[in-house]
>>> print(open('data_0.txt').read())   # compact mmCIF, N, CA and C atoms
# COMPACT_ATOMS: atom_id res chain seq x y z
N MET M 115 36.90 -9.53 -180.74
CA MET M 115 37.66 -10.61 -180.14
C MET M 115 38.73 -9.95 -179.25
N ASN M 116 38.82 -10.39 -178.00
CA ASN M 116 39.80 -9.74 -177.12
C ASN M 116 41.19 -10.36 -177.34
N LYS M 117 42.20 -9.76 -176.71
CA LYS M 117 43.59 -10.15 -176.94
C LYS M 117 43.88 -11.56 -176.43
N ALA M 118 43.22 -12.03 -175.41
CA ALA M 118 43.47 -13.37 -174.87
C ALA M 118 43.02 -14.44 -175.88
N HIS M 119 41.86 -14.19 -176.47
CA HIS M 119 41.38 -15.13 -177.47
C HIS M 119 42.28 -15.13 -178.69
N LEU M 120 42.72 -13.97 -179.10
CA LEU M 120 43.58 -13.84 -180.27
C LEU M 120 44.92 -14.54 -180.03
N THR M 121 45.48 -14.39 -178.85
CA THR M 121 46.76 -15.03 -178.51
C THR M 121 46.60 -16.55 -178.47
N LEU M 122 45.54 -17.03 -177.87
CA LEU M 122 45.29 -18.47 -177.80
C LEU M 122 45.13 -19.05 -179.20
N PHE M 123 44.40 -18.36 -180.04
CA PHE M 123 44.21 -18.83 -181.43
C PHE M 123 45.54 -18.87 -182.18
N ALA M 124 46.40 -17.85 -182.00
CA ALA M 124 47.70 -17.81 -182.66
C ALA M 124 48.58 -18.95 -182.18
N ILE M 125 48.54 -19.28 -180.89
CA ILE M 125 49.34 -20.38 -180.35
C ILE M 125 48.86 -21.72 -180.92
N LEU M 126 47.56 -21.90 -181.02
CA LEU M 126 47.01 -23.15 -181.58
C LEU M 126 47.40 -23.31 -183.05
N VAL M 127 47.33 -22.24 -183.82
CA VAL M 127 47.71 -22.31 -185.24
C VAL M 127 49.20 -22.61 -185.37
N ALA M 128 50.03 -22.01 -184.53
CA ALA M 128 51.47 -22.26 -184.57
C ALA M 128 51.77 -23.72 -184.21
N GLY M 129 51.08 -24.24 -183.18
CA GLY M 129 51.27 -25.64 -182.79
C GLY M 129 50.88 -26.59 -183.91
N ALA M 130 49.76 -26.32 -184.59
CA ALA M 130 49.33 -27.16 -185.70
C ALA M 130 50.34 -27.11 -186.84
N THR M 131 50.92 -25.94 -187.07
CA THR M 131 51.92 -25.80 -188.12
C THR M 131 53.16 -26.61 -187.80
N VAL M 132 53.61 -26.57 -186.56
CA VAL M 132 54.79 -27.34 -186.14
C VAL M 132 54.52 -28.83 -186.28
N LEU M 133 53.37 -29.29 -185.81
CA LEU M 133 53.03 -30.72 -185.92
C LEU M 133 52.93 -31.15 -187.38
N GLY M 134 52.40 -30.31 -188.24
CA GLY M 134 52.33 -30.63 -189.67
C GLY M 134 53.71 -30.74 -190.28
N ALA M 135 54.62 -29.84 -189.89
CA ALA M 135 55.98 -29.90 -190.43
C ALA M 135 56.69 -31.17 -189.97
N VAL M 136 56.48 -31.57 -188.72
CA VAL M 136 57.08 -32.80 -188.21
C VAL M 136 56.53 -34.01 -188.98
N ALA M 137 55.24 -34.02 -189.22
CA ALA M 137 54.63 -35.14 -189.95
C ALA M 137 55.18 -35.24 -191.36
N VAL M 138 55.33 -34.12 -192.03
CA VAL M 138 55.86 -34.13 -193.40
C VAL M 138 57.29 -34.64 -193.40
N THR M 139 58.09 -34.22 -192.44
CA THR M 139 59.48 -34.66 -192.35
C THR M 139 59.57 -36.16 -192.12
N ARG M 140 58.74 -36.68 -191.23
CA ARG M 140 58.76 -38.13 -190.96
C ARG M 140 58.28 -38.92 -192.18
N THR M 141 57.28 -38.41 -192.88
CA THR M 141 56.76 -39.12 -194.05
C THR M 141 57.81 -39.21 -195.14
N THR M 142 58.50 -38.12 -195.41
CA THR M 142 59.53 -38.17 -196.45
C THR M 142 60.68 -39.06 -196.04
N GLY M 143 61.01 -39.10 -194.76
CA GLY M 143 62.06 -40.00 -194.28
C GLY M 143 61.67 -41.45 -194.44
N LEU M 144 60.40 -41.77 -194.16
CA LEU M 144 59.94 -43.15 -194.34
C LEU M 144 59.96 -43.55 -195.81
N GLY M 145 59.60 -42.63 -196.68
CA GLY M 145 59.62 -42.94 -198.11
C GLY M 145 61.02 -43.21 -198.60
N ARG M 146 61.98 -42.44 -198.11
CA ARG M 146 63.37 -42.63 -198.51
C ARG M 146 63.89 -43.99 -198.02
N ALA M 147 63.55 -44.36 -196.77
CA ALA M 147 63.99 -45.63 -196.21
C ALA M 147 63.35 -46.80 -196.96
N ALA M 148 62.09 -46.66 -197.29
CA ALA M 148 61.40 -47.73 -198.02
C ALA M 148 62.00 -47.90 -199.41
N ARG M 149 62.34 -46.81 -200.05
CA ARG M 149 62.93 -46.88 -201.38
C ARG M 149 64.29 -47.58 -201.31
N HIS M 150 65.07 -47.30 -200.28
CA HIS M 150 66.39 -47.93 -200.11
C HIS M 150 66.21 -49.44 -199.88
N THR M 151 65.25 -49.82 -199.04
CA THR M 151 64.98 -51.23 -198.77
C THR M 151 64.52 -51.93 -200.03
N ASN M 152 63.69 -51.29 -200.82
CA ASN M 152 63.18 -51.87 -202.06
C ASN M 152 64.33 -52.07 -203.05
N ASP M 153 65.23 -51.11 -203.15
CA ASP M 153 66.38 -51.25 -204.06
C ASP M 153 67.25 -52.43 -203.66
N ALA M 154 67.46 -52.61 -202.36
CA ALA M 154 68.27 -53.73 -201.89
C ALA M 154 67.59 -55.06 -202.21
N ALA M 155 66.28 -55.13 -202.05
CA ALA M 155 65.55 -56.37 -202.34
C ALA M 155 65.61 -56.70 -203.83
N VAL M 156 65.49 -55.68 -204.68
CA VAL M 156 65.55 -55.90 -206.12
C VAL M 156 66.94 -56.38 -206.52
N THR M 157 67.97 -55.80 -205.93
CA THR M 157 69.33 -56.21 -206.24
C THR M 157 69.57 -57.66 -205.82
N ALA M 158 69.11 -58.04 -204.64
CA ALA M 158 69.29 -59.41 -204.17
C ALA M 158 68.53 -60.39 -205.06
N ARG M 159 67.33 -60.04 -205.44
CA ARG M 159 66.53 -60.94 -206.29
C ARG M 159 67.15 -61.07 -207.68
N THR M 160 67.71 -59.98 -208.20
CA THR M 160 68.38 -60.03 -209.50
C THR M 160 69.58 -60.98 -209.43
N ARG M 161 70.33 -60.91 -208.33
CA ARG M 161 71.47 -61.81 -208.15
C ARG M 161 71.01 -63.27 -208.11
N GLN M 162 69.93 -63.56 -207.39
CA GLN M 162 69.40 -64.92 -207.31
C GLN M 162 68.97 -65.42 -208.69
N LEU M 163 68.30 -64.56 -209.45
CA LEU M 163 67.84 -64.98 -210.78
C LEU M 163 69.00 -65.22 -211.72
N ALA M 164 70.09 -64.45 -211.61
CA ALA M 164 71.26 -64.65 -212.46
C ALA M 164 71.91 -66.00 -212.16
N VAL M 165 72.00 -66.36 -210.88
CA VAL M 165 72.57 -67.66 -210.50
C VAL M 165 71.69 -68.79 -211.03
N TYR M 166 70.39 -68.63 -210.92
CA TYR M 166 69.46 -69.67 -211.40
C TYR M 166 69.53 -69.80 -212.92
N ALA M 167 69.65 -68.68 -213.64
CA ALA M 167 69.76 -68.73 -215.09
C ALA M 167 71.04 -69.44 -215.52
N ALA M 168 72.14 -69.19 -214.81
CA ALA M 168 73.40 -69.88 -215.13
C ALA M 168 73.26 -71.38 -214.90
N LYS M 169 72.58 -71.76 -213.83
CA LYS M 169 72.36 -73.19 -213.55
C LYS M 169 71.51 -73.84 -214.65
N LEU M 170 70.49 -73.12 -215.12
CA LEU M 170 69.65 -73.66 -216.20
C LEU M 170 70.44 -73.82 -217.50
N GLN M 171 71.29 -72.86 -217.80
CA GLN M 171 72.11 -72.95 -219.01
C GLN M 171 73.03 -74.16 -218.93
N LYS M 172 73.60 -74.41 -217.75
CA LYS M 172 74.48 -75.57 -217.57
C LYS M 172 73.70 -76.86 -217.78
N GLU M 173 72.48 -76.92 -217.26
CA GLU M 173 71.65 -78.12 -217.42
C GLU M 173 71.26 -78.34 -218.89
N LEU M 174 71.05 -77.24 -219.63
CA LEU M 174 70.69 -77.38 -221.04
C LEU M 174 71.85 -77.93 -221.85
N LYS M 175 73.06 -77.57 -221.49
CA LYS M 175 74.22 -78.04 -222.24
C LYS M 175 74.54 -79.50 -221.94
N ALA M 176 74.22 -79.99 -220.77
CA ALA M 176 74.49 -81.38 -220.40
C ALA M 176 73.50 -82.30 -221.13
N LYS M 177 74.03 -83.44 -221.61
CA LYS M 177 73.15 -84.39 -222.31
C LYS M 177 72.52 -85.34 -221.29
N PRO M 178 71.28 -85.68 -221.49
CA PRO M 178 70.64 -86.61 -220.56
C PRO M 178 71.18 -88.03 -220.79
N PRO M 179 71.08 -88.90 -219.79
CA PRO M 179 71.57 -90.28 -219.98
C PRO M 179 70.70 -91.02 -221.01
N ALA M 180 71.31 -92.05 -221.61
CA ALA M 180 70.58 -92.83 -222.61
C ALA M 180 69.45 -93.60 -221.95
N LEU M 181 68.37 -93.76 -222.68
CA LEU M 181 67.22 -94.49 -222.16
C LEU M 181 67.46 -95.99 -222.29
N PRO M 182 66.93 -96.76 -221.36
CA PRO M 182 67.07 -98.22 -221.48
C PRO M 182 66.21 -98.72 -222.63
N PRO M 183 66.55 -99.91 -223.19
CA PRO M 183 65.74 -100.43 -224.29
C PRO M 183 64.33 -100.76 -223.81
N VAL M 184 63.39 -100.61 -224.71
CA VAL M 184 61.99 -100.88 -224.40
C VAL M 184 61.76 -102.38 -224.45
N PRO M 185 61.24 -102.97 -223.37
CA PRO M 185 60.98 -104.41 -223.40
C PRO M 185 59.80 -104.74 -224.31
N LYS M 186 59.88 -105.92 -224.91
CA LYS M 186 58.78 -106.35 -225.78
C LYS M 186 57.69 -106.96 -224.91
N PRO M 187 56.47 -106.54 -225.11
CA PRO M 187 55.39 -107.08 -224.28
C PRO M 187 55.03 -108.49 -224.71
N ALA M 188 54.55 -109.28 -223.78
CA ALA M 188 54.10 -110.64 -224.08
C ALA M 188 52.82 -110.54 -224.90
N PRO M 189 52.64 -111.45 -225.85
CA PRO M 189 51.41 -111.38 -226.66
C PRO M 189 50.18 -111.59 -225.77
N ALA M 190 49.17 -110.83 -226.05
CA ALA M 190 47.93 -110.91 -225.28
C ALA M 190 47.15 -112.13 -225.71
N PRO M 191 46.56 -112.86 -224.75
CA PRO M 191 45.76 -114.03 -225.13
C PRO M 191 44.51 -113.59 -225.89
N ALA M 192 44.12 -114.42 -226.84
CA ALA M 192 42.93 -114.09 -227.65
C ALA M 192 41.69 -114.20 -226.77
N PRO M 193 40.74 -113.30 -226.97
CA PRO M 193 39.51 -113.40 -226.17
C PRO M 193 38.77 -114.69 -226.49
N ALA M 194 38.15 -115.28 -225.48
CA ALA M 194 37.47 -116.57 -225.63
C ALA M 194 36.35 -116.46 -226.65
N ALA M 195 35.42 -115.65 -226.42
CA ALA M 195 34.32 -115.48 -227.36
C ALA M 195 33.87 -114.03 -227.26
N ALA M 196 33.80 -113.40 -228.39
CA ALA M 196 33.38 -112.01 -228.40
C ALA M 196 31.89 -111.95 -228.10
N PRO M 197 31.47 -111.16 -227.13
CA PRO M 197 30.04 -111.07 -226.84
C PRO M 197 29.31 -110.42 -228.02
N VAL M 198 28.10 -110.89 -228.22
CA VAL M 198 27.30 -110.36 -229.32
C VAL M 198 26.84 -108.96 -228.94
N ALA M 199 27.15 -108.02 -229.80
CA ALA M 199 26.78 -106.63 -229.53
C ALA M 199 25.27 -106.46 -229.73
N GLN M 200 24.62 -105.95 -228.73
CA GLN M 200 23.19 -105.72 -228.84
C GLN M 200 22.96 -104.34 -229.45
N ALA M 201 21.88 -104.25 -230.16
CA ALA M 201 21.55 -102.96 -230.77
C ALA M 201 21.21 -101.97 -229.66
N ALA M 202 21.61 -100.76 -229.85
CA ALA M 202 21.32 -99.72 -228.86
C ALA M 202 19.82 -99.48 -228.82
N PRO M 203 19.28 -99.23 -227.62
CA PRO M 203 17.83 -98.99 -227.55
C PRO M 203 17.47 -97.71 -228.30
N ARG M 204 16.29 -97.74 -228.88
CA ARG M 204 15.83 -96.59 -229.65
C ARG M 204 15.37 -95.50 -228.70
N ILE M 205 15.83 -94.29 -228.95
CA ILE M 205 15.47 -93.15 -228.10
C ILE M 205 14.51 -92.28 -228.89
N VAL M 206 13.35 -92.04 -228.30
CA VAL M 206 12.34 -91.21 -228.95
C VAL M 206 12.23 -89.92 -228.15
N TYR M 207 12.34 -88.81 -228.83
CA TYR M 207 12.27 -87.50 -228.18
C TYR M 207 10.87 -86.94 -228.37
N HIS M 208 10.22 -86.60 -227.28
CA HIS M 208 8.90 -85.98 -227.33
C HIS M 208 9.08 -84.51 -227.01
N ARG M 209 8.63 -83.66 -227.92
CA ARG M 209 8.74 -82.23 -227.69
C ARG M 209 7.73 -81.81 -226.63
N PRO M 210 8.12 -80.86 -225.78
CA PRO M 210 7.16 -80.39 -224.78
C PRO M 210 6.09 -79.55 -225.45
N PRO M 211 4.93 -79.48 -224.82
CA PRO M 211 3.86 -78.67 -225.42
C PRO M 211 4.28 -77.20 -225.43
N PRO M 212 3.81 -76.44 -226.40
CA PRO M 212 4.20 -75.02 -226.47
C PRO M 212 3.61 -74.23 -225.29
N VAL M 213 4.35 -73.21 -224.90
CA VAL M 213 3.90 -72.34 -223.83
C VAL M 213 3.13 -71.18 -224.46
N VAL M 214 1.88 -71.02 -224.04
CA VAL M 214 1.04 -69.98 -224.61
C VAL M 214 0.88 -68.88 -223.57
N THR M 215 1.18 -67.67 -223.95
CA THR M 215 1.03 -66.52 -223.07
C THR M 215 -0.07 -65.65 -223.62
N VAL M 216 -1.08 -65.38 -222.79
CA VAL M 216 -2.20 -64.57 -223.22
C VAL M 216 -2.03 -63.18 -222.61
N VAL M 217 -2.05 -62.17 -223.47
CA VAL M 217 -1.92 -60.80 -223.02
C VAL M 217 -3.25 -60.10 -223.29
N HIS M 218 -3.90 -59.67 -222.23
CA HIS M 218 -5.17 -58.97 -222.38
C HIS M 218 -4.90 -57.50 -222.60
N THR M 219 -5.52 -56.95 -223.61
CA THR M 219 -5.35 -55.53 -223.90
C THR M 219 -6.70 -54.85 -223.83
N HIS M 220 -6.68 -53.59 -223.53
CA HIS M 220 -7.91 -52.80 -223.48
C HIS M 220 -8.06 -52.11 -224.83
N HIS M 221 -9.17 -52.32 -225.46
CA HIS M 221 -9.41 -51.72 -226.78
C HIS M 221 -10.03 -50.34 -226.58
N HIS M 222 -9.33 -49.32 -226.99
CA HIS M 222 -9.86 -47.96 -226.87
C HIS M 222 -10.88 -47.70 -227.97
N GLY M 223 -11.98 -47.13 -227.60
CA GLY M 223 -13.01 -46.79 -228.57
C GLY M 223 -13.99 -47.92 -228.81
N ASP M 224 -13.64 -49.11 -228.45
CA ASP M 224 -14.55 -50.24 -228.62
C ASP M 224 -15.24 -50.44 -227.28
N ASP M 225 -16.44 -49.88 -227.17
CA ASP M 225 -17.14 -49.92 -225.89
C ASP M 225 -17.51 -51.35 -225.54
N GLY M 226 -17.99 -52.08 -226.47
CA GLY M 226 -18.29 -53.49 -226.25
C GLY M 226 -19.29 -53.74 -225.16
N GLY M 227 -20.07 -52.73 -224.80
CA GLY M 227 -21.08 -52.93 -223.78
C GLY M 227 -20.53 -52.94 -222.37
N ALA M 228 -19.30 -52.54 -222.20
CA ALA M 228 -18.71 -52.56 -220.86
C ALA M 228 -19.06 -51.26 -220.16
N ASP M 229 -20.27 -51.19 -219.62
CA ASP M 229 -20.70 -49.96 -218.95
C ASP M 229 -20.67 -50.13 -217.44
N GLY M 230 -20.01 -51.13 -216.96
CA GLY M 230 -19.93 -51.34 -215.52
C GLY M 230 -21.01 -52.23 -215.03
N GLY M 231 -22.09 -52.44 -215.78
CA GLY M 231 -23.15 -53.34 -215.37
C GLY M 231 -22.93 -54.71 -215.96
N GLY M 232 -23.95 -55.49 -215.98
CA GLY M 232 -23.87 -56.80 -216.63
C GLY M 232 -22.90 -57.71 -215.88
N ASP M 233 -22.27 -58.59 -216.62
CA ASP M 233 -21.36 -59.57 -216.03
C ASP M 233 -19.94 -59.02 -216.08
N GLY M 234 -19.62 -58.17 -215.16
CA GLY M 234 -18.29 -57.57 -215.12
C GLY M 234 -17.28 -58.43 -214.41
N GLY M 235 -17.67 -59.53 -213.88
CA GLY M 235 -16.76 -60.42 -213.21
C GLY M 235 -16.36 -59.93 -211.84
N GLY M 236 -17.15 -59.05 -211.26
CA GLY M 236 -16.82 -58.51 -209.95
C GLY M 236 -17.06 -59.56 -208.86
N GLY M 237 -16.71 -59.22 -207.68
CA GLY M 237 -16.88 -60.17 -206.56
C GLY M 237 -18.35 -60.35 -206.23
N GLY M 238 -18.70 -61.52 -205.84
CA GLY M 238 -20.09 -61.81 -205.45
C GLY M 238 -20.32 -61.41 -204.02
N ASP M 239 -20.93 -60.24 -203.81
CA ASP M 239 -21.18 -59.74 -202.46
C ASP M 239 -22.55 -60.19 -201.96
N ASP M 240 -23.01 -61.31 -202.36
CA ASP M 240 -24.34 -61.79 -201.98
C ASP M 240 -24.44 -62.03 -200.51
>>> encode(input="data_0.txt", output="structure tokens")
Amino acid sequence: MNKAHLTLFAILVAGATVLGAVAVTRTTGLGRAARHTNDAAVTARTRQLAVYAAKLQKELKAKPPALPPVPKPAPAPAPAAAPVAQAAPRIVYHRPPPVVTVVHTHHHGDDGGADGGGDGGGGGDD
């Protein structure tokens, strides 16, 4: 590698190092600022909740106003004639037929005459 290439490579590495240092500095600064903002938000929210809790305690100590007396309802008129209740219709449940699953298995050792001839159920190439 000649000296020009070596110098160019050293300059590029130095530039990358400087940019990395700047990035790290900015990142830590952002984290510090965010932490400060978060602390301020928590403090403000804590203050709001304390005020609300004091308001609730005040409301709990106050007695509610007395309720008005309940009015007496007018007597309901008697029904003219009660309809005759009809017997509920009879419901008959019919069970569905059972589902039968047939599993065909190949019997090993049982030749059963299956030599490829006869009625093998093959396609009719007539």
>>> axis_aligned_box(input="data_0.txt", around="range 142-147 of chain M", padding_each_side="8 Å", output="AutoDock Vina command-line options")
--center_x 61.2 --center_y -42.5 --center_z -196.4 --size_x 21.5 --size_y 24.7 --size_z 20.4
>>> atom_distance(input="data_0.txt", atom1="atom C of Gln171 in chain M", atom2="CA of Val156 in chain M")
23.5 Å
>>> atom_distance(input="data_0.txt", atom1="atom C of Ala167 in chain M", atom2="atom N of Arg149 in chain M")
28.8 Å
>>> select_by_dssp(input="data_0.txt", residues="range 125-231 of chain M", states="helix (DSSP H, G or I)", output="tab-separated table (two decimals) with N, CA and C atoms, in the frame of the given file")
chain	number	residue	atom	x	y	z
M	125	ILE	N	48.54	-19.28	-180.89
M	125	ILE	CA	49.34	-20.38	-180.35
M	125	ILE	C	48.86	-21.72	-180.92
M	126	LEU	N	47.56	-21.90	-181.02
M	126	LEU	CA	47.01	-23.15	-181.58
M	126	LEU	C	47.40	-23.31	-183.05
M	127	VAL	N	47.33	-22.24	-183.82
M	127	VAL	CA	47.71	-22.31	-185.24
M	127	VAL	C	49.20	-22.61	-185.37
M	128	ALA	N	50.03	-22.01	-184.53
M	128	ALA	CA	51.47	-22.26	-184.57
M	128	ALA	C	51.77	-23.72	-184.21
M	129	GLY	N	51.08	-24.24	-183.18
M	129	GLY	CA	51.27	-25.64	-182.79
M	129	GLY	C	50.88	-26.59	-183.91
M	130	ALA	N	49.76	-26.32	-184.59
M	130	ALA	CA	49.33	-27.16	-185.70
M	130	ALA	C	50.34	-27.11	-186.84
M	131	THR	N	50.92	-25.94	-187.07
M	131	THR	CA	51.92	-25.80	-188.12
M	131	THR	C	53.16	-26.61	-187.80
M	132	VAL	N	53.61	-26.57	-186.56
M	132	VAL	CA	54.79	-27.34	-186.14
M	132	VAL	C	54.52	-28.83	-186.28
M	133	LEU	N	53.37	-29.29	-185.81
M	133	LEU	CA	53.03	-30.72	-185.92
M	133	LEU	C	52.93	-31.15	-187.38
M	134	GLY	N	52.40	-30.31	-188.24
M	134	GLY	CA	52.33	-30.63	-189.67
M	134	GLY	C	53.71	-30.74	-190.28
M	135	ALA	N	54.62	-29.84	-189.89
M	135	ALA	CA	55.98	-29.90	-190.43
M	135	ALA	C	56.69	-31.17	-189.97
M	136	VAL	N	56.48	-31.57	-188.72
M	136	VAL	CA	57.08	-32.80	-188.21
M	136	VAL	C	56.53	-34.01	-188.98
M	137	ALA	N	55.24	-34.02	-189.22
M	137	ALA	CA	54.63	-35.14	-189.95
M	137	ALA	C	55.18	-35.24	-191.36
M	138	VAL	N	55.33	-34.12	-192.03
M	138	VAL	CA	55.86	-34.13	-193.40
M	138	VAL	C	57.29	-34.64	-193.40
M	139	THR	N	58.09	-34.22	-192.44
M	139	THR	CA	59.48	-34.66	-192.35
M	139	THR	C	59.57	-36.16	-192.12
M	140	ARG	N	58.74	-36.68	-191.23
M	140	ARG	CA	58.76	-38.13	-190.96
M	140	ARG	C	58.28	-38.92	-192.18
M	141	THR	N	57.28	-38.41	-192.88
M	141	THR	CA	56.76	-39.12	-194.05
M	141	THR	C	57.81	-39.21	-195.14
M	142	THR	N	58.50	-38.12	-195.41
M	142	THR	CA	59.53	-38.17	-196.45
M	142	THR	C	60.68	-39.06	-196.04
M	143	GLY	N	61.01	-39.10	-194.76
M	143	GLY	CA	62.06	-40.00	-194.28
M	143	GLY	C	61.67	-41.45	-194.44
M	144	LEU	N	60.40	-41.77	-194.16
M	144	LEU	CA	59.94	-43.15	-194.34
M	144	LEU	C	59.96	-43.55	-195.81
M	145	GLY	N	59.60	-42.63	-196.68
M	145	GLY	CA	59.62	-42.94	-198.11
M	145	GLY	C	61.02	-43.21	-198.60
M	146	ARG	N	61.98	-42.44	-198.11
M	146	ARG	CA	63.37	-42.63	-198.51
M	146	ARG	C	63.89	-43.99	-198.02
M	147	ALA	N	63.55	-44.36	-196.77
M	147	ALA	CA	63.99	-45.63	-196.21
M	147	ALA	C	63.35	-46.80	-196.96
M	148	ALA	N	62.09	-46.66	-197.29
M	148	ALA	CA	61.40	-47.73	-198.02
M	148	ALA	C	62.00	-47.90	-199.41
M	149	ARG	N	62.34	-46.81	-200.05
M	149	ARG	CA	62.93	-46.88	-201.38
M	149	ARG	C	64.29	-47.58	-201.31
M	150	HIS	N	65.07	-47.30	-200.28
M	150	HIS	CA	66.39	-47.93	-200.11
M	150	HIS	C	66.21	-49.44	-199.88
M	151	THR	N	65.25	-49.82	-199.04
M	151	THR	CA	64.98	-51.23	-198.77
M	151	THR	C	64.52	-51.93	-200.03
M	152	ASN	N	63.69	-51.29	-200.82
M	152	ASN	CA	63.18	-51.87	-202.06
M	152	ASN	C	64.33	-52.07	-203.05
M	153	ASP	N	65.23	-51.11	-203.15
M	153	ASP	CA	66.38	-51.25	-204.06
M	153	ASP	C	67.25	-52.43	-203.66
M	154	ALA	N	67.46	-52.61	-202.36
M	154	ALA	CA	68.27	-53.73	-201.89
M	154	ALA	C	67.59	-55.06	-202.21
M	155	ALA	N	66.28	-55.13	-202.05
M	155	ALA	CA	65.55	-56.37	-202.34
M	155	ALA	C	65.61	-56.70	-203.83
M	156	VAL	N	65.49	-55.68	-204.68
M	156	VAL	CA	65.55	-55.90	-206.12
M	156	VAL	C	66.94	-56.38	-206.52
M	157	THR	N	67.97	-55.80	-205.93
M	157	THR	CA	69.33	-56.21	-206.24
M	157	THR	C	69.57	-57.66	-205.82
M	158	ALA	N	69.11	-58.04	-204.64
M	158	ALA	CA	69.29	-59.41	-204.17
M	158	ALA	C	68.53	-60.39	-205.06
M	159	ARG	N	67.33	-60.04	-205.44
M	159	ARG	CA	66.53	-60.94	-206.29
M	159	ARG	C	67.15	-61.07	-207.68
M	160	THR	N	67.71	-59.98	-208.20
M	160	THR	CA	68.38	-60.03	-209.50
M	160	THR	C	69.58	-60.98	-209.43
M	161	ARG	N	70.33	-60.91	-208.33
M	161	ARG	CA	71.47	-61.81	-208.15
M	161	ARG	C	71.01	-63.27	-208.11
M	162	GLN	N	69.93	-63.56	-207.39
M	162	GLN	CA	69.40	-64.92	-207.31
M	162	GLN	C	68.97	-65.42	-208.69
M	163	LEU	N	68.30	-64.56	-209.45
M	163	LEU	CA	67.84	-64.98	-210.78
M	163	LEU	C	69.00	-65.22	-211.72
M	164	ALA	N	70.09	-64.45	-211.61
M	164	ALA	CA	71.26	-64.65	-212.46
M	164	ALA	C	71.91	-66.00	-212.16
M	165	VAL	N	72.00	-66.36	-210.88
M	165	VAL	CA	72.57	-67.66	-210.50
M	165	VAL	C	71.69	-68.79	-211.03
M	166	TYR	N	70.39	-68.63	-210.92
M	166	TYR	CA	69.46	-69.67	-211.40
M	166	TYR	C	69.53	-69.80	-212.92
M	167	ALA	N	69.65	-68.68	-213.64
M	167	ALA	CA	69.76	-68.73	-215.09
M	167	ALA	C	71.04	-69.44	-215.52
M	168	ALA	N	72.14	-69.19	-214.81
M	168	ALA	CA	73.40	-69.88	-215.13
M	168	ALA	C	73.26	-71.38	-214.90
M	169	LYS	N	72.58	-71.76	-213.83
M	169	LYS	CA	72.36	-73.19	-213.55
M	169	LYS	C	71.51	-73.84	-214.65
M	170	LEU	N	70.49	-73.12	-215.12
M	170	LEU	CA	69.65	-73.66	-216.20
M	170	LEU	C	70.44	-73.82	-217.50
M	171	GLN	N	71.29	-72.86	-217.80
M	171	GLN	CA	72.11	-72.95	-219.01
M	171	GLN	C	73.03	-74.16	-218.93
M	172	LYS	N	73.60	-74.41	-217.75
M	172	LYS	CA	74.48	-75.57	-217.57
M	172	LYS	C	73.70	-76.86	-217.78
M	173	GLU	N	72.48	-76.92	-217.26
M	173	GLU	CA	71.65	-78.12	-217.42
M	173	GLU	C	71.26	-78.34	-218.89
M	174	LEU	N	71.05	-77.24	-219.63
M	174	LEU	CA	70.69	-77.38	-221.04
M	174	LEU	C	71.85	-77.93	-221.85
M	175	LYS	N	73.06	-77.57	-221.49
M	175	LYS	CA	74.22	-78.04	-222.24
M	175	LYS	C	74.54	-79.50	-221.94
